[in-house]
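> For reference, this is my_file-v3.txt, and it has compact mmCIF, C-alpha atoms.
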# COMPACT_ATOMS: atom_id res chain seq x y z
CA MET A 1 272.28 0.17 137.00
CA MET A 2 272.69 -2.39 134.23
CA LYS A 3 270.55 -1.96 131.14
CA LYS A 4 267.34 -3.93 131.50
CA ASN A 5 266.75 -6.53 128.81
CA PRO A 6 263.11 -7.48 128.18
CA LEU A 7 263.94 -10.97 126.94
CA LEU A 8 262.80 -12.93 129.97
CA THR A 9 260.96 -10.39 132.08
CA LYS A 10 258.39 -11.57 134.54
CA THR A 11 255.53 -10.44 132.32
CA ALA A 12 256.88 -12.64 129.53
CA LEU A 13 256.78 -15.65 131.81
CA LEU A 14 253.47 -15.12 133.60
CA LEU A 15 251.77 -18.33 134.57
CA SER A 16 248.04 -18.68 134.45
CA SER A 17 246.54 -16.74 137.34
CA ALA A 18 244.79 -19.95 138.29
CA LEU A 19 248.14 -21.34 139.42
CA LEU A 20 248.77 -18.49 141.82
CA VAL A 21 247.07 -20.06 144.79
CA SER A 22 248.10 -20.13 148.41
CA ALA A 23 248.40 -23.91 148.35
CA LEU A 24 251.61 -23.50 146.38
CA ALA A 25 253.22 -21.10 148.83
CA GLY A 26 255.10 -23.85 150.64
CA CYS A 27 256.24 -25.96 147.67
CA THR A 28 259.81 -26.24 146.49
CA ASN A 29 261.06 -26.44 142.94
CA SER A 30 260.98 -30.22 143.15
CA GLU A 31 257.19 -30.08 143.10
CA ALA A 32 255.01 -29.53 140.06
CA PRO A 33 251.95 -27.25 140.21
CA GLU A 34 248.66 -29.04 139.79
CA PRO A 35 245.81 -27.89 137.52
CA VAL A 36 243.08 -26.00 139.40
CA SER A 37 239.78 -24.42 138.45
CA ASP A 38 239.83 -21.04 136.78
CA ALA A 39 237.49 -18.14 137.50
CA SER A 40 234.82 -19.52 135.17
CA GLY A 41 234.88 -22.91 136.85
CA GLY A 42 236.72 -24.62 134.03
CA ALA A 43 239.93 -26.57 134.39
CA ALA A 44 243.08 -24.46 134.05
CA VAL A 45 245.98 -25.90 132.11
CA ALA A 46 249.06 -26.54 134.25
CA LEU A 47 252.42 -25.16 133.23
CA GLY A 48 254.08 -27.53 130.76
CA ALA A 49 250.88 -29.20 129.61
CA GLY A 50 251.26 -30.40 126.05
CA GLY A 51 255.04 -30.26 125.99
CA GLN A 52 255.59 -33.97 126.47
CA ASP A 53 252.78 -34.88 124.06
CA ALA A 54 254.47 -32.75 121.41
CA ALA A 55 257.78 -34.50 122.10
CA LYS A 56 256.23 -37.97 121.96
CA ALA A 57 254.71 -37.23 118.57
CA VAL A 58 258.11 -36.55 116.95
CA LYS A 59 259.21 -38.99 114.23
CA ALA A 60 262.78 -39.97 113.39
CA ASP A 61 264.64 -37.78 110.90
CA PRO A 62 266.96 -39.85 108.64
CA ALA A 63 269.26 -36.85 108.13
CA VAL A 64 269.74 -36.59 111.90
CA GLN A 65 270.14 -40.34 112.32
CA ALA A 66 272.95 -40.35 109.76
CA LEU A 67 274.97 -38.02 111.98
CA LEU A 68 274.88 -40.20 115.10
CA PRO A 69 278.11 -41.87 116.25
CA GLU A 70 278.07 -45.59 115.43
CA GLY A 71 278.22 -46.63 119.08
CA ILE A 72 275.06 -44.75 120.02
CA LYS A 73 273.32 -45.78 116.81
CA ALA A 74 274.08 -49.43 117.50
CA ALA A 75 272.99 -49.21 121.14
CA GLY A 76 269.81 -47.42 120.18
CA SER A 77 269.93 -45.45 123.41
CA MET A 78 271.67 -42.61 125.18
CA LYS A 79 272.39 -41.89 128.84
CA LEU A 80 271.62 -38.33 129.88
CA VAL A 81 272.12 -36.52 133.18
CA THR A 82 270.55 -33.43 134.75
CA ASP A 83 270.19 -31.70 138.10
CA PRO A 84 266.40 -31.68 138.54
CA THR A 85 266.24 -28.79 141.01
CA TYR A 86 265.91 -25.95 138.50
CA ALA A 87 262.24 -25.38 137.72
CA PRO A 88 260.80 -24.87 135.20
CA ILE A 89 263.81 -26.12 133.20
CA ASP A 90 264.47 -29.39 135.08
CA PHE A 91 262.61 -30.52 138.21
CA THR A 92 260.59 -33.42 139.61
CA ASP A 93 256.88 -33.88 140.05
CA ASN A 94 255.21 -35.18 143.18
CA SER A 95 255.85 -38.76 142.03
CA GLY A 96 259.58 -38.19 141.58
CA ASN A 97 259.50 -38.08 137.78
CA ILE A 98 261.93 -35.66 136.13
CA ILE A 99 259.93 -33.06 134.21
CA GLY A 100 260.42 -29.64 132.71
CA LEU A 101 261.40 -27.89 129.52
CA GLU A 102 264.62 -29.84 129.02
CA PRO A 103 263.22 -33.36 129.62
CA ASP A 104 260.59 -32.61 126.98
CA MET A 105 263.22 -31.22 124.61
CA ALA A 106 265.51 -34.20 125.30
CA LEU A 107 262.72 -36.64 124.42
CA ALA A 108 261.91 -34.76 121.22
CA VAL A 109 265.58 -34.74 120.17
CA ALA A 110 265.92 -38.46 120.96
CA ASN A 111 262.88 -39.21 118.80
CA LYS A 112 264.44 -37.24 115.95
CA MET A 113 267.53 -39.44 116.43
CA GLY A 114 265.41 -42.59 116.56
CA ILE A 115 266.81 -43.69 119.92
CA LYS A 116 265.70 -44.10 123.54
CA ILE A 117 267.01 -42.07 126.48
CA GLU A 118 267.60 -42.59 130.17
CA ILE A 119 267.77 -39.46 132.31
CA THR A 120 269.81 -39.73 135.52
CA LYS A 121 269.89 -37.28 138.42
CA GLY A 122 273.27 -35.72 139.13
CA ASP A 123 274.94 -32.99 141.17
CA PHE A 124 275.21 -29.96 138.89
CA ASN A 125 278.76 -29.20 139.98
CA GLY A 126 279.96 -32.64 138.87
CA ILE A 127 278.07 -33.06 135.60
CA LEU A 128 280.75 -31.71 133.27
CA ALA A 129 283.35 -34.01 134.84
CA GLY A 130 280.92 -36.89 134.33
CA LEU A 131 280.64 -36.00 130.65
CA GLU A 132 284.40 -35.76 130.20
CA SER A 133 284.88 -39.18 131.81
CA LYS A 134 282.19 -40.60 129.44
CA ARG A 135 279.98 -41.60 132.36
CA TYR A 136 277.13 -39.91 130.50
CA ASP A 137 276.56 -39.27 126.81
CA ALA A 138 275.12 -35.79 127.22
CA SER A 139 273.52 -33.39 129.67
CA TRP A 140 270.53 -31.09 129.54
CA ALA A 141 271.06 -29.08 132.74
CA ALA A 142 270.41 -25.43 131.85
CA PHE A 143 274.07 -24.88 130.98
CA SER A 144 274.88 -21.36 129.84
CA ILE A 145 277.38 -21.49 126.99
CA THR A 146 280.70 -19.95 128.02
CA PRO A 147 284.23 -20.09 126.57
CA GLU A 148 285.37 -22.07 129.62
CA ARG A 149 282.70 -24.71 129.09
CA THR A 150 283.16 -25.07 125.32
CA ALA A 151 286.88 -25.52 125.95
CA ALA A 152 286.04 -28.62 127.98
CA VAL A 153 282.91 -30.01 126.32
CA ASP A 154 280.94 -29.62 123.10
CA MET A 155 277.68 -27.69 123.27
CA ALA A 156 274.71 -27.20 120.94
CA SER A 157 272.57 -24.15 121.66
CA TYR A 158 268.80 -24.41 121.97
CA MET A 159 267.61 -21.32 123.89
CA LYS A 160 268.74 -18.07 125.46
CA GLY A 161 268.59 -17.13 129.11
CA GLY A 162 269.68 -14.40 131.47
CA THR A 163 270.49 -13.78 135.13
CA SER A 164 268.21 -11.88 137.47
CA VAL A 165 267.72 -11.45 141.20
CA ILE A 166 265.07 -12.83 143.53
CA VAL A 167 264.53 -11.69 147.11
CA LYS A 168 262.22 -12.44 150.00
CA LYS A 169 258.76 -10.98 149.52
CA GLY A 170 258.44 -7.63 151.25
CA THR A 171 262.07 -6.64 150.75
CA GLU A 172 261.94 -5.98 147.00
CA GLY A 173 261.62 -2.24 147.64
CA ASP A 174 265.22 -2.25 148.89
CA PHE A 175 266.63 -3.56 145.61
CA HIS A 176 266.67 -1.57 142.39
CA GLU A 177 270.20 -1.90 141.00
CA ILE A 178 273.32 -4.01 141.40
CA LEU A 179 274.84 -1.70 144.01
CA ASP A 180 271.86 -2.38 146.27
CA LEU A 181 273.33 -5.88 146.73
CA CYS A 182 276.50 -4.44 148.28
CA GLY A 183 276.93 -5.42 151.93
CA LYS A 184 274.32 -8.17 151.58
CA THR A 185 274.62 -11.96 151.61
CA VAL A 186 273.86 -13.15 148.09
CA THR A 187 273.34 -16.82 147.27
CA ALA A 188 273.67 -18.89 144.08
CA GLN A 189 274.07 -22.54 143.16
CA THR A 190 277.66 -23.77 143.02
CA GLY A 191 279.04 -24.28 139.53
CA THR A 192 276.47 -22.12 137.75
CA THR A 193 277.29 -19.11 135.60
CA GLN A 194 275.76 -17.02 138.37
CA ALA A 195 278.31 -18.37 140.87
CA LEU A 196 281.31 -18.44 138.55
CA THR A 197 280.87 -15.21 136.59
CA VAL A 198 277.96 -13.02 137.64
CA MET A 199 278.67 -13.03 141.38
CA PRO A 200 282.35 -11.97 140.95
CA ASN A 201 281.27 -9.22 138.54
CA PHE A 202 278.74 -7.92 141.06
CA GLU A 203 281.34 -8.09 143.84
CA LYS A 204 283.72 -6.03 141.74
CA ALA A 205 281.01 -3.48 141.00
CA CYS A 206 280.55 -2.99 144.75
CA THR A 207 284.25 -2.63 145.56
CA ASP A 208 284.83 -0.34 142.57
CA ALA A 209 282.05 1.90 143.86
CA GLY A 210 283.58 1.97 147.34
CA LYS A 211 280.65 0.03 148.78
CA LYS A 212 280.68 -2.82 151.29
CA ALA A 213 281.52 -6.15 149.70
CA ILE A 214 278.93 -8.78 148.89
CA THR A 215 279.09 -11.90 151.05
CA PRO A 216 278.69 -14.84 148.61
CA LEU A 217 276.78 -17.89 149.82
CA LEU A 218 277.35 -20.67 147.29
CA LEU A 219 275.29 -23.81 147.85
CA PRO A 220 275.42 -27.15 146.01
CA GLN A 221 271.69 -27.44 145.27
CA GLN A 222 269.28 -24.85 143.87
CA ASP A 223 266.71 -25.92 146.46
CA SER A 224 269.18 -24.94 149.19
CA ALA A 225 269.69 -21.50 147.66
CA ASN A 226 265.91 -21.02 147.51
CA GLN A 227 265.63 -21.98 151.17
CA ALA A 228 268.40 -19.54 152.09
CA ILE A 229 266.19 -16.71 150.81
CA ALA A 230 263.03 -18.03 152.45
CA SER A 231 264.79 -18.41 155.82
CA GLY A 232 266.57 -15.05 155.67
CA ARG A 233 270.02 -16.63 155.60
CA ALA A 234 270.64 -14.68 152.39
CA GLN A 235 269.05 -11.42 151.28
CA ALA A 236 269.19 -12.06 147.52
CA MET A 237 269.68 -14.90 145.07
CA LEU A 238 271.18 -14.92 141.57
CA ALA A 239 269.63 -17.40 139.14
CA ASP A 240 268.41 -17.81 135.60
CA ASN A 241 265.59 -15.41 134.85
CA ALA A 242 263.23 -18.26 133.97
CA LEU A 243 263.67 -19.68 137.47
CA THR A 244 263.27 -16.37 139.32
CA ALA A 245 260.15 -15.54 137.31
CA TYR A 246 258.75 -19.01 138.01
CA TYR A 247 259.15 -18.71 141.77
CA SER A 248 257.89 -15.17 142.02
CA GLN A 249 254.72 -16.42 140.34
CA ILE A 250 253.99 -19.76 142.03
CA GLN A 251 255.11 -18.52 145.47
CA PRO A 252 254.16 -14.82 145.41
CA ASP A 253 253.91 -14.64 149.20
CA ALA A 254 257.46 -15.92 149.60
CA PHE A 255 259.54 -14.49 146.74
CA ALA A 256 259.76 -11.39 144.57
CA GLN A 257 261.77 -10.99 141.38
CA VAL A 258 263.74 -7.76 140.97
CA ASP A 259 262.87 -6.91 137.37
CA SER A 260 265.24 -3.94 137.19
CA ILE A 261 268.33 -6.14 137.63
CA LEU A 262 268.91 -8.37 134.63
CA VAL A 263 272.25 -9.42 133.17
CA ASP A 264 272.30 -9.53 129.37
CA PRO A 265 271.09 -12.92 128.11
CA SER A 266 273.42 -15.72 127.06
CA LEU A 267 272.86 -18.86 125.02
CA VAL A 268 271.96 -22.11 126.78
CA GLY A 269 272.80 -25.52 125.38
CA VAL A 270 273.03 -29.26 125.72
CA ALA A 271 276.53 -30.46 126.64
CA MET A 272 278.54 -33.59 125.78
CA ALA A 273 282.13 -34.81 125.86
CA LYS A 274 284.44 -33.57 123.15
CA GLY A 275 285.11 -36.16 120.47
CA ASP A 276 285.02 -36.32 116.70
CA GLY A 277 282.19 -33.81 116.58
CA LYS A 278 279.56 -36.24 115.28
CA LEU A 279 277.38 -36.24 118.39
CA VAL A 280 277.19 -32.47 118.76
CA LYS A 281 276.36 -32.20 115.05
CA ALA A 282 273.54 -34.71 115.57
CA PHE A 283 272.18 -32.74 118.51
CA SER A 284 272.32 -29.45 116.65
CA ALA A 285 270.68 -30.96 113.58
CA ALA A 286 267.93 -32.55 115.69
CA ILE A 287 267.18 -29.27 117.47
CA GLN A 288 267.11 -27.45 114.12
CA SER A 289 264.75 -30.09 112.73
CA LEU A 290 262.43 -29.55 115.71
CA MET A 291 262.47 -25.81 115.02
CA GLU A 292 261.53 -26.41 111.40
CA ASP A 293 258.64 -28.80 112.06
CA GLY A 294 257.12 -26.62 114.80
CA THR A 295 257.72 -28.97 117.74
CA TYR A 296 260.34 -26.70 119.28
CA GLY A 297 257.86 -23.83 119.43
CA LYS A 298 255.19 -26.03 120.99
CA ILE A 299 257.52 -27.19 123.77
CA MET A 300 258.89 -23.71 124.50
CA GLY A 301 255.34 -22.35 124.55
CA ALA A 302 254.09 -25.10 126.85
CA TRP A 303 256.59 -23.97 129.49
CA ASN A 304 255.86 -20.24 128.96
CA LEU A 305 259.39 -19.78 127.63
CA ALA A 306 258.63 -18.69 124.07
CA PRO A 307 260.47 -15.36 124.64
CA SER A 308 263.70 -17.30 125.17
CA SER A 309 263.45 -19.15 121.84
CA ILE A 310 266.18 -18.95 119.22
CA GLU A 311 265.95 -19.43 115.46
CA LYS A 312 269.11 -21.47 114.87
CA SER A 313 271.02 -24.08 116.86
CA GLU A 314 274.77 -23.47 116.81
CA ILE A 315 277.70 -25.67 117.77
CA ASN A 316 280.06 -24.15 120.35
CA PRO A 317 278.96 -20.62 119.43
CA THR A 318 281.40 -17.83 120.18
CA VAL A 319 280.18 -15.86 123.17
CA VAL A 320 281.63 -13.06 125.24
CA GLY A 321 283.27 -14.46 128.38
Please express what this file holds, its structure, as structure tokens.

Amino acid sequence: MMKKNPLLTKTALLLSSALLVSALAGCTNSEAPEPVSDASGGAAVALGAGGQDAAKAVKADPAVQALLPEGIKAAGSMKLVTDPTYAPIDFTDNSGNIIGLEPDMALAVANKMGIKIEITKGDFNGILAGLESKRYDASWAAFSITPERTAAVDMASYMKGGTSVIVKKGTEGDFHEILDLCGKTVTAQTGTTQALTVMPNFEKACTDAGKKAITPLLLPQQDSANQAIASGRAQAMLADNALTAYYSQIQPDAFAQVDSILVDPSLVGVAMAKGDGKLVKAFSAAIQSLMEDGTYGKIMGAWNLAPSSIEKSEINPTVVG
């Protein structure tokens, strides 16, 4: 069994009990939970409430503005891309608006830079190529920072995450350690750290132990991986711990997080094409400025992700591959 890390355990990400209602049992991660009444009859605050208001209140920081590349400074805007199927980091509400931790953080950073942003939907597996071809200026898409990624793009860290396992409700008693995944069909979203690194490591653990191999089921959209668990097509799913905790809470009759399986956390960052280094410096400085004025903490707290906060934004930090 891998050592459990308490960084992003389910208890650290508990939503208000008022959100745990049966009406949410059928929603996907492209739907936002609505506020409901709490036990005292008052209005409960929905997950994320206050995050966008905190971002909107941010004022431009001249020190950050001075770091922006001339082209972006002159345009006064930046084109961003994300895959909005990864609640609570990036997803869409019932009106189709992109919401979540990263859209709020992206708006706050843009306000520090004194520019406007446009967020476009993209296929996660093609985002990095889109950055390299300069189709987009940057991407907030829950990217774990890895040596392979920083070799291709520049990244500025803003939080830390980890990988855990989610299973269909009622089967969680069968899963306690990595080797319990052996012989099972395990799903993950294509192109994620879970698909590229964690899954192969788990497969090797099974074969090294003389167990039946894992059958990987890699799917292009996170929603599809979620559905694979709900339908029984896969017996387990690998995803960021924030996502697995989110689903085990808003859909408790459908999913259960396996708390005892948690891969050591890694840094998560915003990505952009490699260049002269000015843009990544601007991003890192803006994130650091948000940390110092308290906005960063407000946004992380609004999305119940305070335990995944960091104290310093780094550029292409060295991580273990």
> What's the 12 Å shell around Thr207 in chain A, counting all atoms listed in the file, without same-chain residues fewer than 5 positions away, as a list in words?
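Contacts, with the query itself left out: Ile178, Leu179, Leu181, Cys182, Gly183, Pro200, Asn201, Phe202, Lys212, Ala213, Ile214 and Thr215 of chain A.
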> Determine the nearest neighbour of Leu279 in chain A from the options A:Lys121, A:Ala142, A:Val153, A:Glu203, counting only C-alpha atoms.
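Smallest distance to Leu279 in chain A is found for A:Val153.
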> So how many Å separate CA of Leu219 in chain A and CA of Ala188 in chain A, to one decimal?
6.4 Å
> Closest to Ser266 in chain A among A:Lys204, A:Lys184, A:Lys79, A:Lys160, using only C-alpha atoms?
A:Lys160
> What gap, in Å, lies between CA of Ala54 in chain A and CA of Gln288 in chain A?
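Computing it gives 15.5 Å between the two atoms.
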> Can you give me all heavy atoms for range 178-189 of chain A, written as a PDB file, in the frame of the given file?

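Result written to result-v2.pdb:
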ATOM      1  N   ILE A 178     272.287  -3.101 140.901  1.00  0.00           N
ATOM      2  CA  ILE A 178     273.320  -4.010 141.400  1.00  0.00           C
ATOM      3  C   ILE A 178     273.938  -3.511 142.698  1.00  0.00           C
ATOM      4  O   ILE A 178     274.177  -4.306 143.622  1.00  0.00           O
ATOM      5  CB  ILE A 178     274.416  -4.185 140.326  1.00  0.00           C
ATOM      6  CG1 ILE A 178     273.858  -4.957 139.119  1.00  0.00           C
ATOM      7  CG2 ILE A 178     275.625  -4.938 140.894  1.00  0.00           C
ATOM      8  CD1 ILE A 178     274.792  -5.007 137.935  1.00  0.00           C
ATOM      9  N   LEU A 179     274.186  -2.229 142.811  1.00  0.00           N
ATOM     10  CA  LEU A 179     274.840  -1.700 144.010  1.00  0.00           C
ATOM     11  C   LEU A 179     273.995  -1.861 145.267  1.00  0.00           C
ATOM     12  O   LEU A 179     274.514  -1.755 146.380  1.00  0.00           O
ATOM     13  CB  LEU A 179     275.217  -0.231 143.799  1.00  0.00           C
ATOM     14  CG  LEU A 179     276.264   0.040 142.713  1.00  0.00           C
ATOM     15  CD1 LEU A 179     276.607   1.520 142.640  1.00  0.00           C
ATOM     16  CD2 LEU A 179     277.527  -0.791 142.931  1.00  0.00           C
ATOM     17  N   ASP A 180     272.703  -2.136 145.098  1.00  0.00           N
ATOM     18  CA  ASP A 180     271.860  -2.380 146.270  1.00  0.00           C
ATOM     19  C   ASP A 180     272.165  -3.741 146.900  1.00  0.00           C
ATOM     20  O   ASP A 180     271.705  -4.035 148.015  1.00  0.00           O
ATOM     21  CB  ASP A 180     270.380  -2.312 145.889  1.00  0.00           C
ATOM     22  CG  ASP A 180     269.934  -0.898 145.552  1.00  0.00           C
ATOM     23  OD1 ASP A 180     270.519   0.052 146.110  1.00  0.00           O
ATOM     24  OD2 ASP A 180     269.017  -0.745 144.726  1.00  0.00           O
ATOM     25  N   LEU A 181     272.929  -4.583 146.185  1.00  0.00           N
ATOM     26  CA  LEU A 181     273.330  -5.880 146.730  1.00  0.00           C
ATOM     27  C   LEU A 181     274.571  -5.762 147.606  1.00  0.00           C
ATOM     28  O   LEU A 181     274.910  -6.707 148.333  1.00  0.00           O
ATOM     29  CB  LEU A 181     273.604  -6.864 145.593  1.00  0.00           C
ATOM     30  CG  LEU A 181     272.434  -7.188 144.654  1.00  0.00           C
ATOM     31  CD1 LEU A 181     272.927  -8.069 143.510  1.00  0.00           C
ATOM     32  CD2 LEU A 181     271.306  -7.862 145.401  1.00  0.00           C
ATOM     33  N   CYS A 182     275.263  -4.631 147.518  1.00  0.00           N
ATOM     34  CA  CYS A 182     276.500  -4.440 148.280  1.00  0.00           C
ATOM     35  C   CYS A 182     276.220  -4.536 149.780  1.00  0.00           C
ATOM     36  O   CYS A 182     275.226  -4.004 150.278  1.00  0.00           O
ATOM     37  CB  CYS A 182     277.120  -3.083 147.956  1.00  0.00           C
ATOM     38  SG  CYS A 182     277.480  -2.862 146.198  1.00  0.00           S
ATOM     39  N   GLY A 183     277.091  -5.251 150.485  1.00  0.00           N
ATOM     40  CA  GLY A 183     276.930  -5.420 151.930  1.00  0.00           C
ATOM     41  C   GLY A 183     275.916  -6.474 152.315  1.00  0.00           C
ATOM     42  O   GLY A 183     275.690  -6.716 153.499  1.00  0.00           O
ATOM     43  N   LYS A 184     275.327  -7.144 151.316  1.00  0.00           N
ATOM     44  CA  LYS A 184     274.320  -8.170 151.580  1.00  0.00           C
ATOM     45  C   LYS A 184     274.909  -9.560 151.330  1.00  0.00           C
ATOM     46  O   LYS A 184     275.905  -9.725 150.631  1.00  0.00           O
ATOM     47  CB  LYS A 184     273.111  -7.971 150.659  1.00  0.00           C
ATOM     48  CG  LYS A 184     272.469  -6.598 150.706  1.00  0.00           C
ATOM     49  CD  LYS A 184     271.821  -6.321 152.040  1.00  0.00           C
ATOM     50  CE  LYS A 184     270.889  -5.111 151.991  1.00  0.00           C
ATOM     51  NZ  LYS A 184     271.564  -3.871 151.566  1.00  0.00           N
ATOM     52  N   THR A 185     274.267 -10.573 151.910  1.00  0.00           N
ATOM     53  CA  THR A 185     274.620 -11.960 151.610  1.00  0.00           C
ATOM     54  C   THR A 185     273.805 -12.374 150.398  1.00  0.00           C
ATOM     55  O   THR A 185     272.575 -12.289 150.392  1.00  0.00           O
ATOM     56  CB  THR A 185     274.290 -12.878 152.800  1.00  0.00           C
ATOM     57  OG1 THR A 185     275.091 -12.503 153.924  1.00  0.00           O
ATOM     58  CG2 THR A 185     274.575 -14.333 152.453  1.00  0.00           C
ATOM     59  N   VAL A 186     274.505 -12.798 149.361  1.00  0.00           N
ATOM     60  CA  VAL A 186     273.860 -13.150 148.090  1.00  0.00           C
ATOM     61  C   VAL A 186     274.176 -14.613 147.788  1.00  0.00           C
ATOM     62  O   VAL A 186     275.334 -15.029 147.816  1.00  0.00           O
ATOM     63  CB  VAL A 186     274.356 -12.251 146.948  1.00  0.00           C
ATOM     64  CG1 VAL A 186     273.672 -12.633 145.634  1.00  0.00           C
ATOM     65  CG2 VAL A 186     274.107 -10.784 147.276  1.00  0.00           C
ATOM     66  N   THR A 187     273.155 -15.394 147.496  1.00  0.00           N
ATOM     67  CA  THR A 187     273.340 -16.820 147.270  1.00  0.00           C
ATOM     68  C   THR A 187     273.194 -17.192 145.799  1.00  0.00           C
ATOM     69  O   THR A 187     272.563 -16.474 145.023  1.00  0.00           O
ATOM     70  CB  THR A 187     272.348 -17.650 148.127  1.00  0.00           C
ATOM     71  OG1 THR A 187     272.660 -19.040 148.012  1.00  0.00           O
ATOM     72  CG2 THR A 187     270.915 -17.415 147.691  1.00  0.00           C
ATOM     73  N   ALA A 188     273.787 -18.322 145.424  1.00  0.00           N
ATOM     74  CA  ALA A 188     273.670 -18.890 144.080  1.00  0.00           C
ATOM     75  C   ALA A 188     274.089 -20.347 144.163  1.00  0.00           C
ATOM     76  O   ALA A 188     274.758 -20.771 145.112  1.00  0.00           O
ATOM     77  CB  ALA A 188     274.554 -18.143 143.080  1.00  0.00           C
ATOM     78  N   GLN A 189     273.692 -21.131 143.178  1.00  0.00           N
ATOM     79  CA  GLN A 189     274.070 -22.540 143.160  1.00  0.00           C
ATOM     80  C   GLN A 189     275.505 -22.694 142.674  1.00  0.00           C
ATOM     81  O   GLN A 189     275.907 -22.102 141.671  1.00  0.00           O
ATOM     82  CB  GLN A 189     273.133 -23.346 142.255  1.00  0.00           C
ATOM     83  CG  GLN A 189     273.422 -24.846 142.290  1.00  0.00           C
ATOM     84  CD  GLN A 189     272.541 -25.635 141.339  1.00  0.00           C
ATOM     85  OE1 GLN A 189     271.898 -25.079 140.458  1.00  0.00           O
ATOM     86  NE2 GLN A 189     272.533 -26.952 141.502  1.00  0.00           N
TER      87      GLN A 189
END
